[in-house]
file input16.cif (mmCIF, C-alpha atoms)
data_start
loop_
_atom_site.label_atom_id
_atom_site.label_comp_id
_atom_site.auth_asym_id
_atom_site.auth_seq_id
_atom_site.Cartn_x
_atom_site.Cartn_y
_atom_site.Cartn_z
CA MET R 1 44.29 47.25 40.61
CA SER R 2 43.65 50.94 41.21
CA SER R 3 40.18 52.39 41.68
CA ASN R 4 40.47 53.93 38.19
CA ASP R 5 41.07 50.63 36.41
CA PRO R 6 38.17 49.08 34.48
CA HIS R 7 36.58 46.21 36.39
CA VAL R 8 36.97 43.76 33.52
CA ALA R 9 36.83 40.67 35.70
CA LYS R 10 33.61 41.83 37.37
CA ILE R 11 31.89 42.49 34.04
CA ALA R 12 33.15 39.21 32.60
CA ALA R 13 31.78 37.34 35.63
CA LEU R 14 28.39 38.99 35.19
CA ILE R 15 28.18 38.00 31.53
CA GLY R 16 29.71 34.56 32.13
CA ASP R 17 26.70 33.10 33.93
CA PRO R 18 24.58 31.19 31.35
CA ALA R 19 21.25 32.56 32.58
CA ARG R 20 22.53 36.14 32.62
CA ALA R 21 24.08 35.67 29.17
CA ASN R 22 20.69 34.50 27.85
CA ILE R 23 19.01 37.54 29.38
CA LEU R 24 21.49 39.90 27.72
CA LYS R 25 21.17 38.13 24.35
CA ALA R 26 17.37 38.35 24.57
CA LEU R 27 17.62 42.13 24.89
CA MET R 28 19.91 42.49 21.87
CA ASP R 29 16.97 43.51 19.69
CA GLY R 30 16.77 46.82 21.55
CA ARG R 31 13.35 46.11 23.04
CA ALA R 32 12.60 46.13 26.76
CA ARG R 33 11.13 43.11 28.54
CA THR R 34 9.62 42.31 31.91
CA ALA R 35 11.25 40.10 34.52
CA LYS R 36 8.63 37.43 33.84
CA GLU R 37 9.48 37.37 30.13
CA LEU R 38 13.19 37.22 30.86
CA ALA R 39 12.71 34.41 33.39
CA HIS R 40 11.08 32.31 30.67
CA ILE R 41 13.90 33.10 28.24
CA ALA R 42 16.63 32.40 30.81
CA GLY R 43 14.99 29.14 31.88
CA VAL R 44 15.19 29.90 35.59
CA SER R 45 12.68 30.76 38.32
CA PRO R 46 11.32 34.29 38.76
CA GLN R 47 13.16 34.55 42.08
CA THR R 48 16.48 33.58 40.51
CA THR R 49 15.84 35.94 37.59
CA SER R 50 15.23 38.80 40.02
CA GLY R 51 18.67 38.24 41.51
CA HIS R 52 20.28 38.12 38.06
CA LEU R 53 18.56 41.32 36.98
CA ALA R 54 19.68 43.10 40.14
CA LYS R 55 23.31 42.09 39.53
CA LEU R 56 23.20 43.10 35.87
CA SER R 57 21.65 46.44 36.77
CA GLU R 58 24.18 47.11 39.54
CA GLY R 59 26.96 46.23 37.10
CA GLY R 60 25.76 48.86 34.64
CA LEU R 61 24.71 46.38 31.96
CA LEU R 62 20.96 46.88 32.23
CA GLY R 63 18.66 49.86 32.45
CA LEU R 64 15.15 49.96 33.92
CA ALA R 65 12.05 51.72 32.61
CA LYS R 66 8.88 51.97 34.70
CA GLN R 67 5.41 52.27 33.23
CA GLY R 68 2.69 52.23 35.86
CA ARG R 69 3.09 49.06 37.91
CA HIS R 70 5.24 47.45 35.23
CA ARG R 71 9.03 47.38 35.14
CA TYR R 72 10.85 46.83 31.86
CA TYR R 73 14.51 45.93 31.52
CA HIS R 74 16.70 46.90 28.57
CA LEU R 75 20.41 46.99 27.71
CA ALA R 76 22.07 49.99 29.34
CA ASN R 77 23.59 51.26 26.12
CA ALA R 78 24.98 50.31 22.71
CA GLN R 79 28.38 49.45 24.22
CA VAL R 80 26.82 46.50 26.02
CA ALA R 81 25.34 45.23 22.75
CA VAL R 82 28.69 45.57 20.99
CA ALA R 83 30.38 43.59 23.77
CA ILE R 84 27.81 40.78 23.59
CA GLU R 85 27.95 40.61 19.78
CA SER R 86 31.76 40.48 19.91
CA LEU R 87 31.72 37.69 22.50
CA MET R 88 29.25 35.72 20.36
CA ALA R 89 31.61 36.03 17.41
CA LEU R 90 34.62 35.09 19.56
CA ALA R 91 32.78 32.05 20.91
CA GLY R 92 32.01 30.90 17.38
CA GLU R 93 28.28 30.91 18.09
CA ARG R 94 26.22 29.81 15.13
CA PRO R 95 22.52 29.48 14.34
CA LEU R 96 20.96 26.18 15.37
CA PRO R 97 21.70 23.06 13.25
CA LYS R 98 19.38 22.02 10.46
CA HIS R 99 17.79 19.15 12.34
CA HIS R 100 16.68 21.40 15.18
CA HIS R 101 13.01 22.41 15.32
CA HIS R 102 14.05 26.06 15.51
CA THR R 103 15.91 25.93 12.21
CA ARG R 104 13.55 28.39 10.53
CA VAL R 105 13.99 30.91 13.32
CA ALA R 106 17.77 30.50 13.17
CA GLY R 107 17.74 31.02 9.40
CA ALA R 108 15.71 34.20 9.79
CA LEU R 109 18.15 35.53 12.38
CA ARG R 110 21.08 34.88 10.12
CA ALA R 111 19.37 36.58 7.18
CA ALA R 112 18.43 39.84 8.90
CA ARG R 113 18.15 40.87 12.52
CA THR R 114 18.75 43.79 14.83
CA CYS R 115 21.96 44.07 16.84
CA TYR R 116 20.63 46.39 19.55
CA ASP R 117 19.63 49.32 17.31
CA HIS R 118 21.34 48.59 14.00
CA ILE R 119 20.91 46.06 11.17
CA ALA R 120 22.85 42.81 11.38
CA GLY R 121 22.91 39.44 9.63
CA ARG R 122 23.60 38.96 5.94
CA LEU R 123 21.48 41.99 5.08
CA GLY R 124 23.45 44.23 7.43
CA VAL R 125 26.76 42.92 6.09
CA CYS R 126 25.53 43.41 2.51
CA LEU R 127 24.59 47.05 3.17
CA PHE R 128 27.93 47.76 4.84
CA ASP R 129 29.81 46.16 1.95
CA GLN R 130 27.90 48.30 -0.55
CA LEU R 131 28.68 51.48 1.37
CA VAL R 132 32.38 50.64 1.28
CA VAL R 133 32.46 49.41 -2.34
CA ARG R 134 30.61 52.51 -3.55
CA GLY R 135 33.03 54.78 -1.69
CA CYS R 136 30.42 56.08 0.73
CA LEU R 137 32.47 55.06 3.77
CA LEU R 138 36.23 55.22 4.24
CA PRO R 139 38.37 54.10 7.20
CA ALA R 140 39.07 56.90 9.65
CA GLY R 141 42.85 57.29 9.60
CA GLN R 142 44.60 54.10 10.73
CA SER R 143 41.50 52.75 12.44
CA GLU R 144 40.17 49.37 11.34
CA GLU R 145 36.83 49.93 13.06
CA ASP R 146 35.88 53.58 12.67
CA PHE R 147 34.74 55.11 9.38
CA VAL R 148 34.01 58.54 7.91
CA VAL R 149 31.35 59.45 5.36
CA THR R 150 32.49 60.70 1.96
CA SER R 151 30.67 63.14 -0.31
CA ALA R 152 29.06 60.17 -2.08
CA GLY R 153 27.93 58.88 1.27
CA ARG R 154 26.51 62.24 2.25
CA GLN R 155 24.38 62.22 -0.90
CA LEU R 156 23.11 58.72 -0.16
CA PHE R 157 22.22 59.45 3.47
CA ALA R 158 20.73 62.83 2.58
CA ALA R 159 18.42 61.05 0.14
CA LEU R 160 17.30 58.93 3.09
CA GLN R 161 16.82 62.09 5.19
CA ILE R 162 19.61 61.16 7.59
CA ASP R 163 21.54 64.17 8.95
CA VAL R 164 25.15 62.98 8.93
CA ASP R 165 26.53 66.16 10.51
CA ALA R 166 24.12 66.02 13.44
CA LEU R 167 25.01 62.40 14.08
CA ALA R 168 28.74 63.14 13.90
CA ARG R 169 28.37 65.90 16.50
CA GLY R 170 26.69 63.52 18.91
CA LYS R 171 24.23 64.32 21.66
CA PRO R 172 24.54 67.60 23.57
CA GLY R 173 25.93 67.31 27.09
CA GLY R 174 28.51 64.60 26.52
CA GLY R 175 28.23 60.86 26.28
CA LYS R 176 29.08 60.98 22.61
CA ARG R 177 28.58 57.69 20.82
CA ARG R 178 30.96 56.46 18.16
CA PHE R 179 29.74 57.69 14.79
CA ALA R 180 30.25 54.93 12.22
CA ARG R 181 31.96 51.74 13.24
CA ALA R 182 32.38 48.23 11.90
CA CYS R 183 30.75 45.69 14.23
CA LEU R 184 31.82 42.08 13.63
CA ASP R 185 28.69 40.08 12.82
CA TRP R 186 28.56 36.91 14.93
CA SER R 187 26.89 34.75 12.27
CA GLU R 188 28.63 36.07 9.15
CA ARG R 189 32.09 36.84 10.53
CA SER R 190 32.10 40.06 8.51
CA PRO R 191 31.27 43.57 9.72
CA HIS R 192 27.97 45.36 9.63
CA LEU R 193 27.47 49.09 10.27
CA ALA R 194 27.09 50.15 13.90
CA GLY R 195 27.43 53.42 15.80
CA SER R 196 25.03 56.32 15.62
CA LEU R 197 25.01 56.18 11.81
CA GLY R 198 24.09 52.50 11.79
CA ALA R 199 21.32 53.17 14.32
CA ALA R 200 19.96 56.04 12.21
CA LEU R 201 19.93 53.86 9.10
CA ALA R 202 18.02 51.11 10.88
CA GLU R 203 15.54 53.58 12.37
CA ARG R 204 14.91 55.09 8.93
CA CYS R 205 14.31 51.65 7.41
CA PHE R 206 11.71 50.90 10.07
CA ASP R 207 10.08 54.34 9.70
CA LEU R 208 9.79 53.89 5.93
CA GLY R 209 8.27 50.44 6.35
CA TRP R 210 11.21 48.81 4.63
CA LEU R 211 11.87 46.55 7.61
CA GLU R 212 9.38 45.01 10.02
CA ARG R 213 10.14 43.41 13.36
CA ARG R 214 9.15 39.81 14.00
CA ARG R 215 7.37 39.06 17.22
CA ASP R 216 9.53 37.66 20.03
CA SER R 217 12.65 37.62 17.88
CA ARG R 218 15.56 39.78 16.82
CA ALA R 219 14.84 38.74 13.24
CA VAL R 220 13.38 41.36 10.89
CA THR R 221 11.48 41.05 7.62
CA LEU R 222 12.39 42.99 4.48
CA THR R 223 9.19 44.24 2.82
CA GLY R 224 8.58 44.67 -0.88
CA ALA R 225 8.95 48.42 -0.46
CA GLY R 226 12.18 47.78 1.44
CA ALA R 227 13.63 45.62 -1.31
CA ALA R 228 12.84 48.32 -3.85
CA GLY R 229 14.20 51.10 -1.63
CA LEU R 230 17.45 49.33 -0.83
CA ALA R 231 17.93 48.40 -4.47
CA ARG R 232 17.46 52.04 -5.47
CA HIS R 233 19.62 53.68 -2.82
CA PHE R 234 22.31 51.03 -2.36
CA ASP R 235 22.47 49.83 -5.97
CA LEU R 236 21.66 46.25 -4.97
CA THR R 237 20.53 43.71 -7.55
CA PRO R 238 17.51 41.46 -6.96
CA ASP R 239 19.90 38.50 -6.72
CA GLN R 240 21.95 40.20 -4.00
CA ILE R 241 18.82 40.99 -1.99
CA ALA R 242 17.45 37.46 -2.44
CA ALA R 243 20.76 35.94 -1.35
CA ALA R 244 20.88 38.13 1.76
CA MET R 245 17.33 37.32 2.82
CA ALA R 246 17.38 33.57 2.07
CA GLU R 247 16.65 31.69 5.30
CA THR R 248 18.09 28.35 4.22
CA HIS R 249 21.82 29.20 4.26
#

call {"tool": "encode", "arguments": {"input": "input16.cif", "output": "structure tokens"}}
result
Amino acid sequence: MSSNDPHVAKIAALIGDPARANILKALMDGRARTAKELAHIAGVSPQTTSGHLAKLSEGGLLGLAKQGRHRYYHLANAQVAVAIESLMALAGERPLPKHHHHTRVAGALRAARTCYDHIAGRLGVCLFDQLVVRGCLLPAGQSEEDFVVTSAGRQLFAALQIDVDALARGKPGGGKRRFARACLDWSERSPHLAGSLGAALAERCFDLGWLERRRDSRAVTLTGAGAAGLARHFDLTPDQIAAAMAETH
């Protein structure tokens, strides 16, 4: 293997450890957490967690933010989240079975959650489906993952005060993120909207108070204002919204 080849085996080994996999999954909601919090989630000692965090950071999978004496860990970028979500789908991971005491939490995750910085779960899949059905998104050339925004889509996103052109140009100075891509949802086995456009849509929903984060969970709650807003902008019926947000599926 040349020095220019991607170190796939190294990255796979980092993710393959159960404790490290749990740490990465815990950070899939886009929020940063302390080593102590991650130790509890991973189910290992603080000392062991420290070693895991060091390896994940050295491998480019985690970033570190410092605030005073506190150190907060977060996923390095959206690519890491996409990789984890794809592996979860490949592994056939499902919410916990009905007899488990965490059934309600699992149902909430399947209904609506964040996948790093975009909307996932049945709600995310429903929104993506509507964008495609209404002709707001079209496949980009022969790509099965990347999409472009049509004139109908521009009108929809403009109504939500989302600047499609700015997102398509990416950030100045390089490091351009993929614009609009289909991300296979691990619980629904259908795509939801990712990329910079998916992130902007999620951010706008939170800013408008349409979605609210749940404490200590990737699950999100759709508010009454959110149900009305999504119905208006995405032409969703009350039945479609209720089906997406039902936590008993």

call {"tool": "axis_aligned_box", "arguments": {"input": "input16.cif", "around": "region 25-29 of chain R", "padding_each_side": "3 Å", "output": "lines of an AutoDock Vina configuration file"}}
result
center_x = 19.1
center_y = 40.8
center_z = 22.3
size_x = 10.2
size_y = 11.4
size_z = 11.2

call {"tool": "resolve_selection", "arguments": {"input": "input16.cif", "expression": "the PyMOL selection byres ((chain R and resi 42-59) around 9)", "output": "list in words"}}
result
Lys10, Ile11, Leu14, Ile15, Pro18, Ala19, Arg20, Ala21, Asn22, Ile23, Leu24, Ala26, Ala35, Lys36, Glu37, Leu38, Ala39, His40, Ile41, Gly60, Leu61, Leu62, Gly63, Leu64, Tyr73 and Ala76 of chain R

call {"tool": "residues_around", "arguments": {"input": "input16.cif", "residues": "Glu212 (chain R)", "least_positions_apart": "3", "cutoff": "12 Å", "atoms": "only C-alpha atoms", "output": "list in words"}}
result
Ala112, Arg113, Thr114, Ile119, Ala202, Glu203, Arg204, Cys205, Phe206, Asp207, Leu208, Gly209, Arg215, Ser217, Arg218, Ala219, Val220, Thr221, Leu222, Thr223, Gly224, Ala225 and Gly226 of chain R

call {"tool": "atom_distance", "arguments": {"input": "input16.cif", "atom1": "CA of Leu131 (chain R)", "atom2": "CA of His192 (chain R)"}}
result
10.3 Å

call {"tool": "closest_residue", "arguments": {"input": "input16.cif", "among": "R:Ala199, R:Ala140, R:Cys115, R:Pro191", "to": "Ala83 (chain R)", "atoms": "only C-alpha atoms"}}
result
R:Cys115

call {"tool": "closest_atom_pairs", "arguments": {"input": "input16.cif", "of": "region 103-135 of chain R", "to": "region 230-245 of chain R", "cutoff": "9 Å", "atoms": "all atoms listed in the file", "output": "CSV"}}
result
residue,atom,partner,partner_atom,distance
R:Ala108,CA,R:Met245,CA,7.8
R:Arg110,CA,R:Met245,CA,8.6
R:Ala111,CA,R:Met245,CA,4.9
R:Ala112,CA,R:Met245,CA,6.7
R:Gly121,CA,R:Ala244,CA,8.2
R:Arg122,CA,R:Ala244,CA,5.1
R:Leu123,CA,R:Ala244,CA,5.1
R:Gly124,CA,R:Ala244,CA,8.7
R:Val125,CA,R:Ala244,CA,8.7
R:Cys126,CA,R:Ala244,CA,7.1
R:Leu127,CA,R:Phe234,CA,7.2
R:Gln130,CA,R:Phe234,CA,6.5
R:Leu131,CA,R:Phe234,CA,7.4
R:Arg134,CA,R:Phe234,CA,8.5

call {"tool": "resolve_selection", "arguments": {"input": "input16.cif", "expression": "the PyMOL selection byres ((chain R and resi 145) around 12)", "output": "list in words"}}
result
Leu137, Leu138, Pro139, Ala140, Gly141, Gln142, Ser143, Glu144, Asp146, Phe147, Val148, Arg178, Phe179, Ala180, Arg181, Ala182, Cys183, Leu184, Ser190, Pro191, His192, Leu193, Ala194 and Gly195 of chain R

call {"tool": "atom_distance", "arguments": {"input": "input16.cif", "atom1": "CA of Leu27 (chain R)", "atom2": "CA of Gly229 (chain R)"}}
result
28.2 Å

call {"tool": "closest_residue", "arguments": {"input": "input16.cif", "among": "R:Leu201, R:Ala13, R:Val133, R:Ala227", "to": "Gln161 (chain R)", "atoms": "all atoms listed in the file"}}
result
R:Leu201

call {"tool": "closest_residue", "arguments": {"input": "input16.cif", "among": "R:Ala9, R:Ala65, R:Met88, R:Ala152", "to": "Thr34 (chain R)", "atoms": "all atoms listed in the file"}}
result
R:Ala65

call {"tool": "atom_distance", "arguments": {"input": "input16.cif", "atom1": "CA of Asp165 (chain R)", "atom2": "CA of Gly30 (chain R)"}}
result
24.3 Å

call {"tool": "closest_residue", "arguments": {"input": "input16.cif", "among": "R:Ala106, R:Leu197, R:Ala91, R:Leu211", "to": "Gly16 (chain R)", "atoms": "all atoms listed in the file"}}
result
R:Ala91
